[in-house]
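The structure appears right after this line, and notes come after that.
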Amino acid sequence: MSRRKRDDGYEHGYRKRRRVVSEQAEIEDRLESLIIRVGDKTSSSLESNLEGLASVLEADMNTYKSKILRILSECPIQMPEKCTIYSTLVGLLNAKNYNFGGEFVEQMVRNLKEALREGQWESARLIVRFISDMVNCHIVSASSLLQLYDSFIDAAMEQGVPQVRRDWYMYALLTALPWVGRELFEKKENDLERIMAAMEGYLRRRNTAHVAALRVWNCDTPHPQEEYLECLWAQVRKLRTDEWQERHIYRPYLAFDSILSEALQHNLPVILPPPHTASTQYPLPWVVFRMFDYTDCPEAGPLLPGTHSVERYLIEEHLHQIVTRHHNERKELATQLLAFPQRNKIPLEYMIVEVLFSELFHMPSPRYLEISYGCTLIELCKLQPSTMPQVLAQATELLYERIDTMNATCFDRFVSWFSYHLSNFQFRWSWDDWQNCLSLEKDHPKAKFVSEVFGKCLRLSYYKRVNEMVPECYSPLLPPKPEPYFKYQTEGGNSLPGATQVQALTELLRKKPTPEEVLELIQQLPNPLKDDDGDMEPSHNPLAIEVFVQTLLHLGSKSFTHTFAGLAKYHSVFKNICENEEAQICMLRQVYELWQHHPQFLGVVVDKMLKTQIVECCAVANWIFSRDMAPEFTRSYIWEILHLTIRKMNKHVVRLEKEVADARAKLRAAPSDSESSDDDPNRETGEKRRRTVSNKDTPKDGEEQPTEEMVERMEERLEAAQSDQKNLFLIVFQRFIMILSEHVVRCDTDGKDFNTFWYQWTVGRLQQVFMAHHEQVEKYSQTLETLLFTHDLDSNILDTFRQFQALRS
Amino acid sequence: MAVASTYRDQHFKGSRVEQERLLSQSSTLYVGNLSFYTTEEQIHELFSKCGDVKRIIMGLDKFTRTPCGFCFVEFYLRSDAENAIRFVNGTRLDDRIVRTDWDAGFVEGRQYGRGKTGGQVRDEYRTDFDGGRGGWGKMIQQKVATSAANN
């Protein structure tokens, strides 16, 4: 869209040319605008708009052909809901100008090839659909489209390539059929049947091991959770039984049938799918999320399209596309969702809520920030206050009812969303309705949900508020007052070991001593681990750690800022007394003891300690799985801490990987090519050095040309980091396997059923590690298979690993 | 979206151009309309939903050094701060609609209210009763106090 200003230096002709060029640019912009806006609400009918626009474009064809080709080929992909409008427009142009039609077809084919090459799967899929629709408009011949479909089927039958690749080719084909199925049925029935038979065979042979990992609930009542391809196949099969009569898609070309059927069709050239390479990334599979059926919607209102109706698929896809377009503007998104074109024919609020929750609960992870869905739902409630809040409440009830079988990952997201939502509506809820959870054991999903929601509400508000928001009967599930627990100030606290030193240290700290002075005092403490003969040097002094950590953190307990200040000032003391993993685990135990009633504070302190490298990731992992923490094992905050730890490690590795890649690229560029980075802060003299706070989170900018030596050192650092990362995953998975196996064996010996709530939560948490970090875990899949997830393992544990592997196979 | 409002800090030390540049690169947000009782923990919980929070600096009354209803939230990444403007601005914290805006960057001293009585300027002149922000605006409080003294 940029206006090209020609810089030819001839002054006298410059102005004249400039005027012509800017006129040209103006017309181009206007054409672009007309094309982009066709089909949007206007006073005249769509048909007359299309006719008018086709004439305008035809008239300007000679001068602006390349621009028109480009825009017309991009619009149906950028605005997929207007696919049929653009195919009609191109159809009309093709009828007027056969050559243009041919060039347009070539353009689309080029775009498709590029999209396939670049791994832009969604664009490619929409191009295939658009090309299929072009058969409806007599631009492309049905026989050549079938050739394209055949080559896709061949790709799906290829041996030795990942199933996710083969799936995509089938998927692209299937999603095009609602548009062109009828036309093919009328003109090429046998070929269509052949294709359907090939698809049926493909789907029957497919591996669906990944489904278990991607389902939100681990059972199929009341709604079966179908794998996306199987669901779409069922929908297309149903369409076939209706003789491919599809009534949802708006087809403007029907009105122009007489003109279009006169046009000459073009044949698609042969399009061969690019071969698979090891580095090609394919879209991950997913499970279709269903929470409503027609009985959930008001009887008097419009009917919810059936699960296997093509309408359901098309409407949901359209709603998702609206989310894609406006996901960064919640008010606009809410408006557009509510303005859905066929809103009077469907229970719109229900479908919107289902689509948004399907994204929120998407496995492995939602495509956008969780909070964006939360605040979009709030906007929807604001715009539609008489219906939306009720539908949302109904949805919440349903989710609560079925929470027994919800996976742990989605459970966390549900807790997070619900507490956030409540915090925007004065925490008002019909808590009385859920009183049944009070009679259930603490680890029962319903009871756990309620207690975790209370915990999250506490974080967003305060203790008194949370107590006031629920009926008194809920007090067993309410969280304790979020205060530090300083045992030295409790009953009999001053006779605890170290109590006098705590007192001394407290007094010293109030005088703002240096780290050395603090260390001096701490080092005077006796070490209970030391033998009487004192020949074996213990790895750490637990008493010193206890006294120092608890005293310092207690003094800083007023706020995060106070604590962070203490951690920063006495960082060197931490480093001195907590050199090794044993010491660090001891320290974490002290932090836990102080902050056991305030999980939020605990998490924030651990996070800061990781960040300032007072503690290593592996120490945190081992601490979480230690016997001490067993009573807390099913609490969500434990897993929050584990995941923030893993994420930190992952971020570190990813950052180093990027640094190395960038440096290598710079090195490969010509040595004389010294790029001047205009925003390099070092070049601005006399200015205080500021952190570049753009997308990089490294303080250093690429200042100079890296040397081979520098890059090698970077690579060494990267290797070390990757080794740490692998080690962390190994520890985590190994501890999971140990703890789960121990449980199964113990239950076996005691003659008890191993499938307790604890067991289900723990397996769920194991699954969560795979899902939340699947990209990074993938790197070590082989190692995990060889070292840990071996055949002799309990089948339930092994299944989790197999399902994860199946994601990309 | 995620565009700065028209507010510009009058006490900013530097040129207007410099201020604009800092705003466009910033990963620090000003957060306003907080209750005086809203804690760092609550702010941390909400804003962490948009990304890793680097630091929170509570806005304090210049004289009492107690929170006076605003704060700065520093993220590590600007993109996370952008998301906070998209998804937190205009939603509730502690039952109040909070407002977020780009800030040129925290500098020591900017955590203090600039109102005559120590809090934020807006609390000097407002005419409503706000229980979370000390009740009546300061000017009104003063008027009430002087008229009571005169009677």
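Order determines the names: the first chain of the structure tokens is A, the second B, and so forth; residues in each chain are numbered 1 upward, and ligands are numbered 1 upward as they are shown.
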
Output the contact residues of chain A with respect to chain B at a cut-off of 6 Å, based on only C-alpha atoms, as a VMD selection string.
-> chain A and resid 372 424 459 to 461 694

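Among A:Glu227, A:Glu23, A:Asp531, A:Glu401, the residue with the shortest atom-to-atom distance to Ala212 (chain A), counting only C-alpha atoms, is A:Glu227.
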
Compile the contact shell of Cys231 (chain A) as a compact mmCIF listing (two decimals) with N, CA, C and O atoms, in the first residue's frame: residues with an atom at most 12 Å away, counting only C-alpha atoms, same-chain residues fewer than 3 positions apart removed.
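Produced file around01.txt, reproduced below:
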```
# COMPACT_ATOMS: atom_id res chain seq x y z
N TYR A 171 -7.57 -32.71 5.99
CA TYR A 171 -8.37 -31.66 6.62
C TYR A 171 -8.66 -30.54 5.62
O TYR A 171 -9.80 -30.06 5.51
N LEU A 174 -11.35 -31.77 3.31
CA LEU A 174 -12.65 -31.86 3.96
C LEU A 174 -13.29 -30.50 4.16
O LEU A 174 -14.49 -30.34 3.95
N THR A 175 -12.49 -29.51 4.59
CA THR A 175 -13.09 -28.20 4.90
C THR A 175 -13.52 -27.46 3.64
O THR A 175 -14.23 -26.47 3.74
N LEU A 203 -9.32 -42.34 7.50
CA LEU A 203 -9.72 -42.07 8.89
C LEU A 203 -9.78 -43.35 9.71
O LEU A 203 -9.52 -43.33 10.91
N PRO A 224 -19.87 -36.41 23.81
CA PRO A 224 -18.63 -37.04 23.34
C PRO A 224 -17.67 -35.96 22.89
O PRO A 224 -18.09 -34.98 22.28
N GLN A 225 -16.41 -36.15 23.25
CA GLN A 225 -15.41 -35.19 22.79
C GLN A 225 -14.68 -35.83 21.64
O GLN A 225 -13.89 -36.74 21.82
N GLU A 226 -14.96 -35.30 20.49
CA GLU A 226 -14.43 -35.93 19.30
C GLU A 226 -13.16 -35.25 18.84
O GLU A 226 -13.00 -34.04 18.97
N GLU A 227 -12.35 -36.06 18.25
CA GLU A 227 -11.17 -35.53 17.60
C GLU A 227 -11.63 -34.69 16.40
O GLU A 227 -12.62 -35.03 15.76
N TYR A 228 -10.90 -33.62 16.13
CA TYR A 228 -11.39 -32.62 15.16
C TYR A 228 -11.67 -33.22 13.79
O TYR A 228 -12.66 -32.90 13.13
N ALA A 234 -17.66 -36.70 10.29
CA ALA A 234 -19.06 -37.01 10.58
C ALA A 234 -19.98 -35.93 10.01
O ALA A 234 -21.04 -36.22 9.47
N GLN A 235 -19.54 -34.68 10.13
CA GLN A 235 -20.36 -33.58 9.62
C GLN A 235 -20.46 -33.62 8.09
O GLN A 235 -21.53 -33.40 7.52
N VAL A 236 -19.35 -33.94 7.44
CA VAL A 236 -19.36 -34.00 5.98
C VAL A 236 -20.16 -35.21 5.50
O VAL A 236 -20.91 -35.14 4.52
N ARG A 237 -20.06 -36.30 6.25
CA ARG A 237 -20.85 -37.49 5.88
C ARG A 237 -22.33 -37.19 5.97
O ARG A 237 -23.11 -37.61 5.12
N LYS A 238 -22.71 -36.46 6.99
CA LYS A 238 -24.13 -36.10 7.13
C LYS A 238 -24.55 -35.20 5.97
O LYS A 238 -25.64 -35.33 5.42
N TRP A 286 -6.52 -31.33 17.58
CA TRP A 286 -7.26 -30.86 18.75
C TRP A 286 -8.55 -31.66 18.88
O TRP A 286 -8.93 -32.44 18.01
N VAL A 287 -9.19 -31.47 20.01
CA VAL A 287 -10.46 -32.14 20.27
C VAL A 287 -11.54 -31.08 20.27
O VAL A 287 -11.36 -30.00 20.81
N VAL A 288 -12.67 -31.40 19.65
CA VAL A 288 -13.76 -30.42 19.57
C VAL A 288 -14.41 -30.28 20.94
O VAL A 288 -14.81 -31.27 21.55
N PHE A 289 -14.51 -29.07 21.39
CA PHE A 289 -15.05 -28.79 22.72
C PHE A 289 -16.56 -28.62 22.63
O PHE A 289 -17.05 -27.81 21.86
N ARG A 290 -17.26 -29.43 23.41
CA ARG A 290 -18.72 -29.30 23.41
C ARG A 290 -19.18 -29.20 24.84
O ARG A 290 -18.87 -30.06 25.65
N GLY A 306 -27.14 -29.20 15.33
CA GLY A 306 -26.65 -30.45 15.86
C GLY A 306 -25.14 -30.60 15.76
O GLY A 306 -24.50 -29.96 14.94
N THR A 307 -24.57 -31.45 16.61
CA THR A 307 -23.11 -31.61 16.67
C THR A 307 -22.53 -32.07 15.34
O THR A 307 -21.41 -31.71 15.01
N HIS A 308 -23.30 -32.85 14.59
CA HIS A 308 -22.77 -33.34 13.33
C HIS A 308 -23.36 -32.64 12.12
O HIS A 308 -23.29 -33.15 11.00
N SER A 309 -23.90 -31.45 12.37
CA SER A 309 -24.39 -30.69 11.23
C SER A 309 -23.25 -29.81 10.73
O SER A 309 -22.45 -29.30 11.52
N VAL A 310 -23.22 -29.62 9.43
CA VAL A 310 -22.20 -28.78 8.84
C VAL A 310 -22.37 -27.33 9.30
O VAL A 310 -21.40 -26.59 9.46
N ARG A 312 -23.10 -26.31 12.24
CA ARG A 312 -22.38 -26.12 13.51
C ARG A 312 -20.92 -25.81 13.23
O ARG A 312 -20.33 -24.90 13.79
N TYR A 313 -20.33 -26.60 12.34
CA TYR A 313 -18.94 -26.41 11.98
C TYR A 313 -18.71 -25.02 11.40
O TYR A 313 -17.80 -24.30 11.80
```

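Here CA of Tyr112 (chain B) stands at a distance of 24.9 Å from CA of Arg510 (chain A).
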
Can you list, as JSON, numbers by chain, every protein, DNA or RNA residue that comes within 7 Å of Val31 (chain B) when you count only C-alpha atoms, leaving out same-chain residues fewer than 3 positions away?
-> {"B": [70, 71, 72, 98, 99, 100, 101]}

With a distance cut-off of 8 Å and only C-alpha atoms, select the neighbouring residues of Leu60 (chain B), excluding the residue or stretch itself and same-chain residues fewer than 6 positions from it, and output the selection as a PyMOL selection string.
-> chain B and resi 66-70+111-113+119

Excluding same-chain residues fewer than 6 positions from Ala504 (chain A), what lies within 12 Å of it counting only C-alpha atoms, as a PyMOL selection string?
-> chain A and resi 498+510-511+518+521-522+524-525+547-548+551-552

Residue neighbourhood Phe427 (chain A), 12 Å, only C-alpha atoms, exclusion window fewer than 5 positions, as a ChimeraX atom specification | /A:418-422,453-454,456-458,460-462,465-470 /B:92-95

Which is closest to Lys448 (chain A) among A:Ala568, A:Val502, A:Ala408, A:Leu69, if we use only C-alpha atoms?
-> A:Ala408

In region 384-595 of chain A, what's alpha helix (DSSP H) per DSSP? Answer as a PyMOL selection string?
-> chain A and resi 388-401+408-423+445-460+463-469+499-510+515-523+542-555+560-569+571-577+581-595

Out of region 124-358 of chain A, which residues get strand (DSSP E or B) from DSSP, as a PDB file with C-alpha atoms, in the first residue's frame?
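Saved file states.pdb follows:
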```pdb
ATOM      1  CA  VAL A 140     -11.801 -23.319 -12.438  1.00  0.00           C
ATOM      2  CA  TRP A 217     -12.898 -34.074  30.256  1.00  0.00           C
ATOM      3  CA  GLU A 227     -11.170 -35.527  17.605  1.00  0.00           C
ATOM      4  CA  HIS A 266      -9.422 -22.572 -16.541  1.00  0.00           C
ATOM      5  CA  VAL A 287     -10.462 -32.142  20.273  1.00  0.00           C
TER       6      VAL A 287
END
```
